[in-house]
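First up is the structure itself, then whatever we jot down about it.
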Amino acid sequence: MNAPKFTTLGCRLNAYETEAMKELSRQAGLTDAVVVNTCAVTAEAVRKARQEIRKLRRENPNARLIVTGCAAQTEPQTFSQMDEVDAVIGNSEKMRPGTWKGMAADFIGETEAVQVDDIMSVTETAGHLIDGFGTRSRAYVQVQNGCDHRCTFCIIPYGRGNSRSVPAGVVVDQIKRLVDKGYNEVVLTGVDLTSWGADLPAQPKLGDLVTRILKLVPDLPRLRISSIDSIEVDENLMQAIATERRLMPHLHLSLQHGDDLILKRMKRRHLRDDAIRFTEDARKLRPDMTFGADIIAGFPTETDAHFENSLRLVAECDLTWLHVFPYSRREGTPAARIPQQIDGRVIKDRAARLRAAGEAQVARHLSDQVGKSHHILMENPHMGRTEQFAEVAFSKSQAEGQIVQAAITGNDGNRLTA
C-alpha cells in the first residue's frame with residue numbers, strides 16, 4: 001500500500017493546505033491515491049490543472065485521483081466530468097477529517113464522488129493549523145481565509161468564501177510551538193490578510209495581531225507579513241513597522257494597476273495616489289523597507305495611456321519584486337463581460353514591459369546592497385535571504401536555519417553574494 005501523492009498548483013495558501021491534507025489523509029489511512037490541489041485565479045490556471053490531471057493519470061493508472069482546491073470549488077462539474085478523475089472535493093471539505101476517513105474506508109461505495117458545498121456558508125478557519133510548513137528555517141502560519149471584496153477580475157471569493165480569521169490566541173500558541181521547534185522566521189499568510197479580525201469580537205486589526213505576536217513570543221527572531229492591501233493598513237501596523245525591528249522590512253502590495261479609471265473598473269478600494277502615499281509613509285518610518293506588488297497587464301478597456309500609468313507606478317512607488325499577471329478572461333467574473341477585451345498580443349507585450357521594469361528594479365536593489373551588512377536567514381547551507389527577502393549565495397557552507405550576519409560582496413543580477 002502506497003502513501004498518497006500530492007500535487008499543489010497556485011498560491012502559498014494552497015501549499016499550506018496541502019501539508020494539512022497530507023496529515024489528515026495519513027491519519028485516515030488513505031493509500032494508493034493522487035490528490036491535486038488546484039488553483040482558479042485565471043482561466044489559464046484551470047487549463048493547467050486539467051493538463052496536470054491528465055499527466056498524473058498517465059503516470060499513476062491504478063491510483064484513485066482526487067481533485068480539490070479553488071478550481072474544484074468553483075467548477076466541480078468541469079473536473080467530475082473528466083474520465084481521469086474519481087472524486088472532487090471542495091475547499092471546506094478538504095479540511096475535514098471525515099472527508100478523508102470516508103475516502104479511505106470505501107472510496108467508491110459510500111463516498112460521494114462530488115463533495116462541494118456552499119463555501120459562503122463556512123464560518124471557521126482554524127481547524128487545520130499545522131506546525132512547520134515551509135523550509136526548516138521559515139514557517140508559514142495561515143491566520144485568515146476568504147475575502148469579502150468583489151474585485152471584478154477575481155473568482156477567488158467564490159473558491160474561498162467570505163473572510164474569516166483565526167483568533168489571536170490560537171495564532172500566538174502556534175507560533176510559540178514553532179519557535180520551540182527551532183524556527184527563526186514566521187510568515188503570516190491569508191487570502192486577504194489585512195481584513196484579519198473583522199469577524200472576531202471587538203474587531204481587532206492586523207496591527208493588533210502583529211503587536212501581540214511580537215510581545216507574547218519574545219524569542220521569535222523574525223516575523224514577516226505576506227501580501228497585504230495597503231488601503232486597509234491600520235495605525236498599529238504602521239507603528240510596528242516604525243518600531244519593531246523583528247518585523248521584516250518587506251511588504252508585498254496588492255496594487256493591481258496604476259491608473260485610477262482602471263482601478264475603479266476593477267472595483268479596487270484605492271487610487272494610485274493612495275499607493276504612492278503608503279509607500280512613502282512606510283519608508284519614512286522604515287528607510288530600509290522594500291516593496292513587491294501584484295500588477296495586472298491588459299485589463300479590459302486598458303489603453304496605452306492607462307498602461308503607462310502602471311509602468312510609471314513601478315518607479316513612483318519604487319517597487320522591487322513584481323508579480324506581473326497578463327489579464328486572463330475568467331468566466332463568472334464581471335470583467336469577463338466587458339465588451340472591450342484587449343488583444344492577447346498586446347497583453348503579452350505589456351506584461352513583458354512590466355516584467356522588464358521589475359527586473360531593472362531588482363538589479364538596482366541588488367547593486368545598492370553591495371558593501372552593506374545583512375542578517376541573512378539560511379534556507380540551505382549555501383543560500384539565504386536578507387531582511388528584504390533578497391536571495392544571497394554563499395561560497396562557504398553555513399548552518400541551515402540560522403541567521404548569520406555577513407557583508408554583501410557582489411551580485412550576479414539575480415542574487416547577492418556574501
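By convention here, the chains of the C-alpha cells are called A, B, ... in the order presented, each chain's residues are numbered starting at 1, and ligands are numbered starting at 1 in the order presented.
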All residues 6 Å or closer to region 274-290 of chain A, only C-alpha atoms, same chain fewer than 3 positions away omitted, as a short mmCIF file (atom, residue, chain, number, x, y, z; two decimals) with C-alpha atoms, in the first residue's frame:
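Saved to result.cif:
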```cif
data_model
loop_
_atom_site.label_atom_id
_atom_site.label_comp_id
_atom_site.auth_asym_id
_atom_site.auth_seq_id
_atom_site.Cartn_x
_atom_site.Cartn_y
_atom_site.Cartn_z
CA ALA A 242 8.37 52.01 12.68
CA PRO A 249 11.11 45.41 6.13
CA HIS A 250 9.45 43.78 3.13
CA HIS A 270 -7.59 52.55 -3.55
CA LEU A 271 -6.34 55.04 -6.14
CA CYS A 317 6.45 53.51 -5.57
#
```
Long-range neighbours of region 253-257 of chain A as a list in words, 8 Å cut-off, only C-alpha atoms, 6 positions minimum in chain: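 Close residues of region 253-257 of chain A: Ser227, Ile228, Asp229, Ser230, Leu263, Arg272, Ala275, Phe291, Gly292, Ala293, Asp294, Ile295, Ile296, Ala297 and Ser310 of chain A.
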Could you write out the selected residues, including C-alpha atoms, as a short mmCIF file (atom, residue, chain, number, x, y, z; two decimals), in the first residue's frame?
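Ended up saving to out_9.cif:
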```cif
data_model
loop_
_atom_site.label_atom_id
_atom_site.label_comp_id
_atom_site.auth_asym_id
_atom_site.auth_seq_id
_atom_site.Cartn_x
_atom_site.Cartn_y
_atom_site.Cartn_z
CA SER A 227 0.60 40.09 0.63
CA ILE A 228 -1.47 42.98 2.02
CA ASP A 229 -3.97 45.56 0.78
CA SER A 230 -2.25 48.85 1.61
CA LEU A 263 -8.75 50.69 -10.60
CA ARG A 272 -2.78 55.43 -7.46
CA ALA A 275 -0.40 53.55 -3.20
CA PHE A 291 8.04 46.53 -1.68
CA GLY A 292 6.74 43.89 -4.02
CA ALA A 293 3.45 44.20 -5.86
CA ASP A 294 0.87 42.38 -7.98
CA ILE A 295 0.11 44.21 -11.23
CA ILE A 296 -2.27 43.10 -13.99
CA ALA A 297 -1.47 43.93 -17.62
CA SER A 310 1.03 51.26 -14.32
#
```
Residue among A:Gln81, A:Ala198, A:Thr8, A:Met21 lying closest to Gly98 (chain A), counting only C-alpha atoms: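 Smallest separation from Gly98 (chain A) among the options: A:Met21.
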Two-atom distance - CA of Ala45 (chain A), CA of Cys70 (chain A) (Å): 10.2 Å
Every residue of region 304-340 of chain A that DSSP places in helix (DSSP H, G or I), as a list in words: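 The helix (DSSP H, G or I) residues within region 304-340 of chain A come out as Asp304, Ala305, His306, Phe307, Glu308, Asn309, Ser310, Leu311, Arg312, Leu313, Val314, Ala315, Glu316, Pro334, Ala335, Ala336 and Arg337 of chain A.
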Saved selection, atoms kept: C-alpha atoms, as a compact mmCIF listing (two decimals), in the first residue's frame:
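Result written to part_35.txt:
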```
# COMPACT_ATOMS: atom_id res chain seq x y z
CA ASP A 304 -1.75 52.74 -23.84
CA ALA A 305 -2.09 55.74 -21.51
CA HIS A 306 -3.65 53.60 -18.77
CA PHE A 307 -0.83 51.09 -19.12
CA GLU A 308 1.82 53.79 -18.95
CA ASN A 309 0.40 54.80 -15.58
CA SER A 310 1.03 51.26 -14.32
CA LEU A 311 4.54 51.33 -15.74
CA ARG A 312 5.28 54.66 -14.04
CA LEU A 313 3.89 53.39 -10.74
CA VAL A 314 6.76 50.88 -10.55
CA ALA A 315 9.22 53.75 -10.28
CA GLU A 316 6.98 56.11 -8.31
CA PRO A 334 -17.88 40.89 -14.17
CA ALA A 335 -14.69 41.78 -16.06
CA ALA A 336 -15.27 38.87 -18.44
CA ARG A 337 -18.46 40.57 -19.62
```
Who sits within 8 Å of Gly401 (chain A), only C-alpha atoms, same chain under 3 positions skipped, as a list in words: Arg136, Ser137, Arg138, Tyr183, Asn184, Leu377, Met378, Glu379 and Asn380 of chain A
Atoms to include: C-alpha atoms. Write the selected residues as an mmCIF file, in the first residue's frame.
```
data_model
loop_
_atom_site.group_PDB
_atom_site.id
_atom_site.type_symbol
_atom_site.label_atom_id
_atom_site.label_comp_id
_atom_site.auth_asym_id
_atom_site.auth_seq_id
_atom_site.Cartn_x
_atom_site.Cartn_y
_atom_site.Cartn_z
ATOM 1 C CA ARG A 136 13.409 24.145 8.067
ATOM 2 C CA SER A 137 14.199 27.818 8.667
ATOM 3 C CA ARG A 138 10.919 29.559 7.818
ATOM 4 C CA TYR A 183 12.089 28.140 13.552
ATOM 5 C CA ASN A 184 13.714 31.563 13.285
ATOM 6 C CA LEU A 377 18.321 33.590 7.255
ATOM 7 C CA MET A 378 19.880 30.461 5.765
ATOM 8 C CA GLU A 379 17.396 28.351 3.769
ATOM 9 C CA ASN A 380 20.059 25.792 2.879
#
```
Best match for closeness to Leu247 (chain A) among A:Ala63, A:Leu223, A:Ile262, A:Leu188, counting only C-alpha atoms: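 Among the listed residues, A:Leu223 lies closest to Leu247 (chain A).
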Selected residue of minimal separation from Asp199 (chain A) among A:Leu13, A:Asn145, A:Asp234, A:Phe325, counting only C-alpha atoms: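 Of A:Leu13, A:Asn145, A:Asp234, A:Phe325, the one nearest Asp199 (chain A) is A:Asn145, counting only C-alpha atoms.
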Residue nearest Pro204 (chain A) among A:Pro167, A:Pro4, A:Pro61, A:Gly358 (counting only C-alpha atoms): A:Pro167
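Here CA of Arg26 (chain A) and CA of Met82 (chain A) stand 26.3 Å from one another.
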Picked from region 129-238 of chain A by DSSP as strand (DSSP E or B), as a list in words: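 The strand (DSSP E or B) subset of region 129-238 of chain A is Gly134, Arg138, Ala139, Tyr140, Val141, Gln142, Gln144, Asn145, Arg164, Ser165, Glu185, Val186, Val187, Leu188, Thr189, Arg222, Leu223, Arg224, Ile225 and Ile228 of chain A.
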Could you take the residues named above and write them with C-alpha atoms, as an mmCIF file, in the first residue's frame?
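Dumped to again.cif:
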```
data_model
loop_
_atom_site.group_PDB
_atom_site.id
_atom_site.type_symbol
_atom_site.label_atom_id
_atom_site.label_comp_id
_atom_site.auth_asym_id
_atom_site.auth_seq_id
_atom_site.Cartn_x
_atom_site.Cartn_y
_atom_site.Cartn_z
ATOM 1 C CA GLY A 134 7.935 25.675 4.856
ATOM 2 C CA ARG A 138 10.919 29.559 7.818
ATOM 3 C CA ALA A 139 7.373 28.535 8.753
ATOM 4 C CA TYR A 140 4.092 29.798 7.306
ATOM 5 C CA VAL A 141 1.057 30.369 9.502
ATOM 6 C CA GLN A 142 -2.386 30.835 7.987
ATOM 7 C CA GLN A 144 -7.066 34.295 7.623
ATOM 8 C CA ASN A 145 -9.029 32.783 4.740
ATOM 9 C CA ARG A 164 -12.785 34.587 8.398
ATOM 10 C CA SER A 165 -10.000 34.919 10.923
ATOM 11 C CA GLU A 185 11.155 33.177 10.977
ATOM 12 C CA VAL A 186 7.367 33.011 10.738
ATOM 13 C CA VAL A 187 5.323 34.348 7.821
ATOM 14 C CA LEU A 188 1.677 35.305 8.335
ATOM 15 C CA THR A 189 -0.459 34.302 5.341
ATOM 16 C CA ARG A 222 11.792 37.398 12.654
ATOM 17 C CA LEU A 223 8.149 37.967 11.719
ATOM 18 C CA ARG A 224 7.189 38.519 8.094
ATOM 19 C CA ILE A 225 3.879 39.547 6.516
ATOM 20 C CA ILE A 228 -1.467 42.983 2.015
#
```
Long-range neighbours of Ser163 (chain A) as a list in words, 6 Å cut-off, only C-alpha atoms, 2 positions minimum in chain: Asn145, Gly146, Cys147 and Asp148 of chain A
Could you dump the residues just selected with C-alpha atoms as a tab-separated table (two decimals), in the first residue's frame?
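Writing done, so here's result-v4.tsv:
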```tsv
chain	number	residue	atom	x	y	z
A	145	ASN	CA	-9.03	32.78	4.74
A	146	GLY	CA	-11.61	34.04	2.25
A	147	CYS	CA	-12.42	37.54	1.03
A	148	ASP	CA	-15.37	39.91	1.46
```
